[in-house]
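Written below as structure tokens is the structure these notes are about.
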2 protein chains.
Amino acid sequence: MKPLHQRRSKRLRIEDIARMAGVGPTTVSRSFRQPEKVSKKTRRKIDAVVRETGYIPDLMAGSLASLQSRLIALLVPTIANPVHSDIIQGVTDYMRPAGYEVLLGSTGYSPKVEVDLIRAFVGRRADGMVLTGANHLPEVKQIIDMANIPVVETWELPENPLDMAVGFSNRQAAISMTQYLIDRGCKRPAIVGHDAPSDSRSSARVEGFLAVAAGASVAEPVVWLVPGPTTSQRGSEAMSCLLNKHPETDSVFFVSDLMAVGGLLECQRRGLTVPSKIAIAGFGGSELTALTHPAITTVHIPRKEIGKRAAELLMSRFNNECIREPIVDVGYMIIKRESA
Amino acid sequence: MKPLHQRRSKRLRIEDIARMAGVGPTTVSRSFRQPEKVSKKTRRKIDAVVRETGYIPDLMAGSLASLQSRLIALLVPTIANPVHSDIIQGVTDYMRPAGYEVLLGSTGYSPKVEVDLIRAFVGRRADGMVLTGANHLPEVKQIIDMANIPVVETWELPENPLDMAVGFSNRQAAISMTQYLIDRGCKRPAIVGHDAPSDSRSSARVEGFLAVAAGASVAEPVVWLVPGPTTSQRGSEAMSCLLNKHPETDSVFFVSDLMAVGGLLECQRRGLTVPSKIAIAGFGGSELTALTHPAITTVHIPRKEIGKRAAELLMSRFNNECIREPIVDVGYMIIKRESA
DNA sequence: TAATGTTGTGGTAGCGCTACCATTTATTAG
DNA sequence: CTAATAAATGGTAGCGCTACCACAACATTA
């Protein structure tokens, strides 16, 4: 009747270690998770067996039993952009020492893919989630609510956060930079933005730019949107098109540093001196902007800080601490250099 | 006697879905994993319940039961370097559609940290592992063997692979580039390398450089090693020191593109025309090198391809396919541009 | 001396799923 | 129409761990 099932796996189990050390499985488990609760002598015995056997406990089984995975889901549009890799680094650096691992997903700026990834990560029982941006499909809220997972949205500051958020005001930052350019005497400003449906960071910046430029007594501000990833290649192309169509432009504000670098190089190729003929500004504060010649004026964002704060918020939540500020504004800083 | 334990979790379980759909749990499980084995009618019933309840199966529990996690551990020295983010992207793009997720770890070039991460990932029962480089502490082999996990080493081609490998010959690539520089008429070559104990990629390149340069009838070749991460900042500094100490240098081969960009900028700051006064070459094939002015001659490595091939190897292994070439050489290509 | 606390330890149900069979039902062949 | 095969379905024992209790051993206090 009762079929005699064999063990399907011959891996070492905690029970084996326990037997070899002459203790119960509970004690072995404790000696891993709360060593201070186990007597020194017992601990030594267990440690010896562990070293000897090379036993590594199965965190998967542990997660199932304890109902917490110690896994953090981290979604970024792309890892190619240093902007996001810094956030990844920030989150990872903070979480690892606490025994958490990071599940990385890149959405490629697709809200649809984002939902798929979130579903997958919820399926993996991630304890927390860090998202990029504040614009998500409605499904996201449903899934998050259902799963009841703490979530941090980063980079932007959402009006209606899913849960918590760490970022800065893209609009305000763009306003500051645009104001700076105009104060410096720019009369014919242009902005190069990113034309991706889910990249509302770019739109907020363009909006901020227009809010100032349209109000100031300058020529009709020019907006140029580029599709696809914001590479330096794209920046060069955009600058080229822009100059062909609006040769009188005297300042270009790029919504990404990489594009600004490309734009600068295109100007140099054309023999346009920067900033005397044309001013250039970037966004993001990538180290690269400090190294071009002339160095590029940009908006610096404390990116690693964003990752760290996001991780902190999650940890507080895990520890059931009271969170005073679920929305953290890390601010920005205009870095004035040679290009504008 | 028998204590009446409550359910500790009120999450929806497969059993609940089964009951609601009027079938057994096995059938529900099958309708997820092998839908073709379930009749259309039953599947529709189950799908309806799933949609209605928002049920997301627990992959953690599934992994425990099936003894496979569908998790791939991916270790890189740093995600900041585009070199590695391309590999990450390559692996991720290939694995995700197959239902695998990536556990990301960055070692910061520390072999010690690498071991810790590997141990952690083995604890998570990763089904496969992708490492960067071919130099690992002896513990790594032990752990890997013990856990019996397929492993791919990337970037370098190890002499004694742990298991499988995808990469190219750093030495050979450096030889080709150095030969090219000398053929172009360089008489006083220098190389800027990376002085990190675990970065044997750099050493192999320096070695290749010396093999050619020492043999050719040129001046004593100069080797300059920089510590820390290979940023453009470091490149500028290295170029500066190098020129101060060896002003007669007529060509510099940087072992990383980022450093080459920094080096180029430093030359421009000093008014040294490139390549007429001094030739510059990079390594890696980062897109940036195409955009500087002059564009930088470099060694192109098919990085995303490396990630993809690594993922393919793992998948083949998972499917118990016979692997003809466990060591894949993806080659390299000298990209001749303006700087040399 | 008993009453109370402190510390260390162990037995075992349950975490939510899938592998392994057994069983039932539909289909085809003879 | 029966036998043989194929297609669908279900019961349940693990997967390896931790939470939850119970209990023993010892120290502390009244």
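In the structure tokens, chains take the letters A, B, ... in the order shown, each chain's residues start at 1, and ligands count up from 1 in the order shown.
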
I need the residues of stretch 73-261 of chain A that end up classed as alpha helix (DSSP H) by DSSP on the backbone, written out as a PyMOL selection string. chain A and resi 82-95+111-123+138-147+170-183+200-215+232-245+257-261

Would you export the selected residues with C-alpha atoms as a CSV table (one decimal), in the first residue's frame, please?
```
chain,number,residue,atom,x,y,z
A,82,PRO,CA,25.9,54.1,-14.7
A,83,VAL,CA,23.0,56.0,-13.1
A,84,HIS,CA,21.4,52.7,-12.3
A,85,SER,CA,24.5,50.7,-11.6
A,86,ASP,CA,25.2,53.0,-8.8
A,87,ILE,CA,21.9,52.4,-7.2
A,88,ILE,CA,22.4,48.7,-7.6
A,89,GLN,CA,25.7,49.0,-5.9
A,90,GLY,CA,24.2,51.1,-3.1
A,91,VAL,CA,21.4,48.6,-2.4
A,92,THR,CA,23.7,45.6,-2.6
A,93,ASP,CA,26.4,47.1,-0.4
A,94,TYR,CA,23.9,47.8,2.3
A,95,MET,CA,21.9,44.6,2.1
A,111,PRO,CA,6.2,48.7,-18.1
A,112,LYS,CA,4.9,45.4,-19.4
A,113,VAL,CA,8.2,43.7,-18.7
A,114,GLU,CA,8.2,45.4,-15.3
A,115,VAL,CA,5.0,43.7,-14.4
A,116,ASP,CA,6.3,40.4,-15.5
A,117,LEU,CA,9.4,40.8,-13.5
A,118,ILE,CA,7.5,41.9,-10.4
A,119,ARG,CA,5.3,38.9,-10.7
A,120,ALA,CA,8.3,36.6,-11.0
A,121,PHE,CA,9.9,38.2,-8.0
A,122,VAL,CA,6.8,38.0,-5.9
A,123,GLY,CA,6.7,34.3,-6.9
A,138,PRO,CA,-2.1,49.5,-12.4
A,139,GLU,CA,-1.3,45.8,-12.0
A,140,VAL,CA,1.7,46.7,-10.0
A,141,LYS,CA,-0.2,48.1,-7.2
A,142,GLN,CA,-2.6,45.1,-7.2
A,143,ILE,CA,0.3,42.6,-7.0
A,144,ILE,CA,2.1,44.5,-4.4
A,145,ASP,CA,-0.9,44.9,-2.2
A,146,MET,CA,-1.9,41.3,-2.6
A,147,ALA,CA,1.6,40.2,-1.7
A,170,ASN,CA,13.4,66.0,-11.6
A,171,ARG,CA,11.3,69.0,-12.4
A,172,GLN,CA,12.8,71.2,-9.8
A,173,ALA,CA,16.3,70.1,-10.8
A,174,ALA,CA,15.7,71.0,-14.4
A,175,ILE,CA,14.2,74.3,-13.4
A,176,SER,CA,17.4,75.1,-11.5
A,177,MET,CA,19.6,74.2,-14.3
A,178,THR,CA,17.6,76.1,-16.9
A,179,GLN,CA,17.5,79.1,-14.7
A,180,TYR,CA,21.3,78.9,-14.4
A,181,LEU,CA,21.7,78.7,-18.1
A,182,ILE,CA,19.5,81.7,-18.7
A,183,ASP,CA,21.2,83.7,-15.9
A,200,SER,CA,8.8,60.1,-17.0
A,201,ARG,CA,12.1,61.3,-15.5
A,202,SER,CA,12.8,62.8,-18.9
A,203,SER,CA,9.4,64.3,-19.3
A,204,ALA,CA,9.6,66.0,-15.8
A,205,ARG,CA,12.9,67.5,-16.8
A,206,VAL,CA,11.6,68.8,-20.1
A,207,GLU,CA,8.6,70.2,-18.3
A,208,GLY,CA,10.8,72.0,-15.8
A,209,PHE,CA,12.9,73.4,-18.6
A,210,LEU,CA,9.8,74.7,-20.4
A,211,ALA,CA,8.4,76.2,-17.3
A,212,VAL,CA,11.4,78.4,-16.9
A,213,ALA,CA,12.4,79.0,-20.6
A,214,ALA,CA,8.9,79.9,-21.7
A,215,GLY,CA,8.6,82.4,-18.9
A,232,SER,CA,26.5,59.2,-26.2
A,233,GLN,CA,25.9,58.1,-29.7
A,234,ARG,CA,22.3,59.4,-29.5
A,235,GLY,CA,23.6,62.6,-28.0
A,236,SER,CA,25.8,63.2,-31.0
A,237,GLU,CA,23.0,62.5,-33.4
A,238,ALA,CA,20.6,64.7,-31.5
A,239,MET,CA,23.1,67.5,-31.4
A,240,SER,CA,23.7,67.2,-35.1
A,241,CYS,CA,20.0,67.2,-36.0
A,242,LEU,CA,19.3,70.0,-33.6
A,243,LEU,CA,22.0,72.2,-35.1
A,244,ASN,CA,20.9,71.5,-38.6
A,245,LYS,CA,17.4,72.6,-37.8
A,257,ASP,CA,25.2,63.0,-19.1
A,258,LEU,CA,26.1,60.4,-21.7
A,259,MET,CA,24.1,62.3,-24.3
A,260,ALA,CA,25.8,65.5,-23.2
A,261,VAL,CA,29.2,64.0,-23.8
```

Using only C-alpha atoms (C1' of nucleotides), find each residue in chain B having at least one atom no more than 10 Å away from chain D; report its shortest atom-to-atom pair and that distance in Å (one decimal), rows by chain then rising number, as JSON lines.
```
{"residue": "B:Pro3", "atom": "CA", "partner": "D:DC21", "partner_atom": "C1'", "distance": 7.8}
{"residue": "B:His5", "atom": "CA", "partner": "D:DC20", "partner_atom": "C1'", "distance": 8.0}
{"residue": "B:Arg8", "atom": "CA", "partner": "D:DA19", "partner_atom": "C1'", "distance": 8.8}
{"residue": "B:Val23", "atom": "CA", "partner": "D:DT9", "partner_atom": "C1'", "distance": 8.0}
{"residue": "B:Gly24", "atom": "CA", "partner": "D:DG10", "partner_atom": "C1'", "distance": 5.6}
{"residue": "B:Pro25", "atom": "CA", "partner": "D:DG10", "partner_atom": "C1'", "distance": 7.9}
{"residue": "B:Thr26", "atom": "CA", "partner": "D:DG10", "partner_atom": "C1'", "distance": 6.9}
{"residue": "B:Thr27", "atom": "CA", "partner": "D:DT9", "partner_atom": "C1'", "distance": 6.7}
{"residue": "B:Lys37", "atom": "CA", "partner": "D:DA8", "partner_atom": "C1'", "distance": 7.6}
{"residue": "B:Val38", "atom": "CA", "partner": "D:DA8", "partner_atom": "C1'", "distance": 6.7}
{"residue": "B:Ser39", "atom": "CA", "partner": "D:DA8", "partner_atom": "C1'", "distance": 7.0}
{"residue": "B:Thr42", "atom": "CA", "partner": "D:DA8", "partner_atom": "C1'", "distance": 9.7}
{"residue": "B:Ala61", "atom": "CA", "partner": "D:DC15", "partner_atom": "C1'", "distance": 8.5}
{"residue": "B:Gly62", "atom": "CA", "partner": "D:DC15", "partner_atom": "C1'", "distance": 9.0}
{"residue": "B:Ser63", "atom": "CA", "partner": "D:DC15", "partner_atom": "C1'", "distance": 8.4}
{"residue": "B:Leu64", "atom": "CA", "partner": "D:DC15", "partner_atom": "C1'", "distance": 5.0}
{"residue": "B:Ala65", "atom": "CA", "partner": "D:DC15", "partner_atom": "C1'", "distance": 4.4}
{"residue": "B:Ser66", "atom": "CA", "partner": "D:DC15", "partner_atom": "C1'", "distance": 7.3}
{"residue": "B:Leu67", "atom": "CA", "partner": "D:DC15", "partner_atom": "C1'", "distance": 7.0}
```

May I have the residues from that selection written out with C-alpha atoms, as a short mmCIF file (atom, residue, chain, number, x, y, z; two decimals), in the first residue's frame?
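And here is the file that came out, out.cif:
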```cif
data_model
loop_
_atom_site.label_atom_id
_atom_site.label_comp_id
_atom_site.auth_asym_id
_atom_site.auth_seq_id
_atom_site.Cartn_x
_atom_site.Cartn_y
_atom_site.Cartn_z
CA PRO B 3 0.00 20.48 20.25
CA HIS B 5 -0.49 24.08 15.62
CA ARG B 8 1.31 30.25 10.45
CA VAL B 23 -9.41 19.48 -9.11
CA GLY B 24 -6.40 18.02 -7.33
CA PRO B 25 -3.29 20.01 -6.44
CA THR B 26 -1.22 17.95 -8.83
CA THR B 27 -3.35 19.08 -11.73
CA LYS B 37 -0.62 17.71 -20.21
CA VAL B 38 -3.85 19.17 -18.87
CA SER B 39 -7.11 19.14 -20.78
CA THR B 42 -9.60 21.90 -16.79
CA ALA B 61 8.50 25.90 -2.25
CA GLY B 62 8.55 24.60 -5.79
CA SER B 63 12.31 24.74 -5.87
CA LEU B 64 12.58 22.86 -2.64
CA ALA B 65 10.33 20.12 -3.91
CA SER B 66 11.82 19.84 -7.38
CA LEU B 67 15.39 20.22 -6.20
#
```

Quick one: pull the distance between atom CA of B:Cys186 and atom CA of B:Asp250, Å, one decimal.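 Taking atom CA of B:Cys186 and atom CA of B:Asp250, their separation equals 6.2 Å.
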
Can you tell me which residues surround A:Phe254 at a distance of at most 7 Å, considering only C-alpha atoms (C1' of nucleotides), apart from same-chain residues fewer than 6 positions away, and format the answer as a PyMOL selection string? chain A and resi 191-193+260+281-283

Please produce a file of those selected residues containing N, CA and C atoms, as a CSV table (one decimal), in the first residue's frame.
```
chain,number,residue,atom,x,y,z
A,191,ILE,N,16.5,71.8,-25.3
A,191,ILE,CA,16.7,70.7,-24.4
A,191,ILE,C,16.6,69.4,-25.3
A,192,VAL,N,17.5,68.4,-25.0
A,192,VAL,CA,17.4,67.1,-25.6
A,192,VAL,C,16.8,66.1,-24.6
A,193,GLY,N,15.6,65.6,-24.9
A,193,GLY,CA,15.0,64.7,-24.0
A,193,GLY,C,14.9,63.3,-24.5
A,260,ALA,N,25.1,64.3,-23.2
A,260,ALA,CA,25.8,65.5,-23.2
A,260,ALA,C,27.2,65.4,-23.8
A,281,ALA,N,24.9,71.5,-21.1
A,281,ALA,CA,24.7,71.0,-19.8
A,281,ALA,C,24.2,69.6,-19.8
A,282,GLY,N,24.6,68.8,-18.8
A,282,GLY,CA,24.1,67.4,-18.7
A,282,GLY,C,23.3,67.2,-17.5
A,283,PHE,N,23.0,66.0,-17.2
A,283,PHE,CA,22.1,65.6,-16.1
A,283,PHE,C,22.6,64.3,-15.5
```

Chain C residues near chain A (7 Å cut-off, only C-alpha atoms (C1' of nucleotides)) as a PyMOL selection string: chain C and resi 8-10+15

Chain A residues within 6 Å of chain B, counting only C-alpha atoms: which ones, as an mmCIF file with C-alpha atoms, in the first residue's frame?
```
data_model
loop_
_atom_site.group_PDB
_atom_site.id
_atom_site.type_symbol
_atom_site.label_atom_id
_atom_site.label_comp_id
_atom_site.auth_asym_id
_atom_site.auth_seq_id
_atom_site.Cartn_x
_atom_site.Cartn_y
_atom_site.Cartn_z
ATOM 1 C CA ILE A 56 26.183 24.608 3.631
ATOM 2 C CA PRO A 57 22.649 25.046 4.943
ATOM 3 C CA ASP A 58 19.840 25.274 2.417
ATOM 4 C CA LEU A 59 18.554 28.814 2.639
ATOM 5 C CA MET A 60 15.730 27.920 0.317
ATOM 6 C CA ALA A 80 24.178 49.830 -18.917
ATOM 7 C CA SER A 85 24.457 50.655 -11.583
ATOM 8 C CA LEU A 103 17.449 39.623 -7.457
ATOM 9 C CA GLY A 123 6.738 34.312 -6.896
ATOM 10 C CA ARG A 124 10.234 34.026 -5.474
#
```

Stretch 11-207 of chain B: which residues are strand (DSSP E or B) by DSSP, as a PyMOL selection string? chain B and resi 71-76+101-106+128-132+151-156+164-168+189-194

Just the number, please: distance in Å from atom CA of A:Val76 to atom CA of A:Pro197, one decimal.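 Computing the Euclidean distance for atom CA of A:Val76 and atom CA of A:Pro197 yields 15.2 Å.
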
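In this model, the gap between atom CA of B:Leu12 and atom CA of B:Gln68 comes to 22.4 Å.
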
For A:Ala21, please output as number ranges by chain all residues within 9 Å (counting only C-alpha atoms (C1' of nucleotides); exclusion window: fewer than 4 positions along the same chain). A: 16-17, 28, 42, 45-49
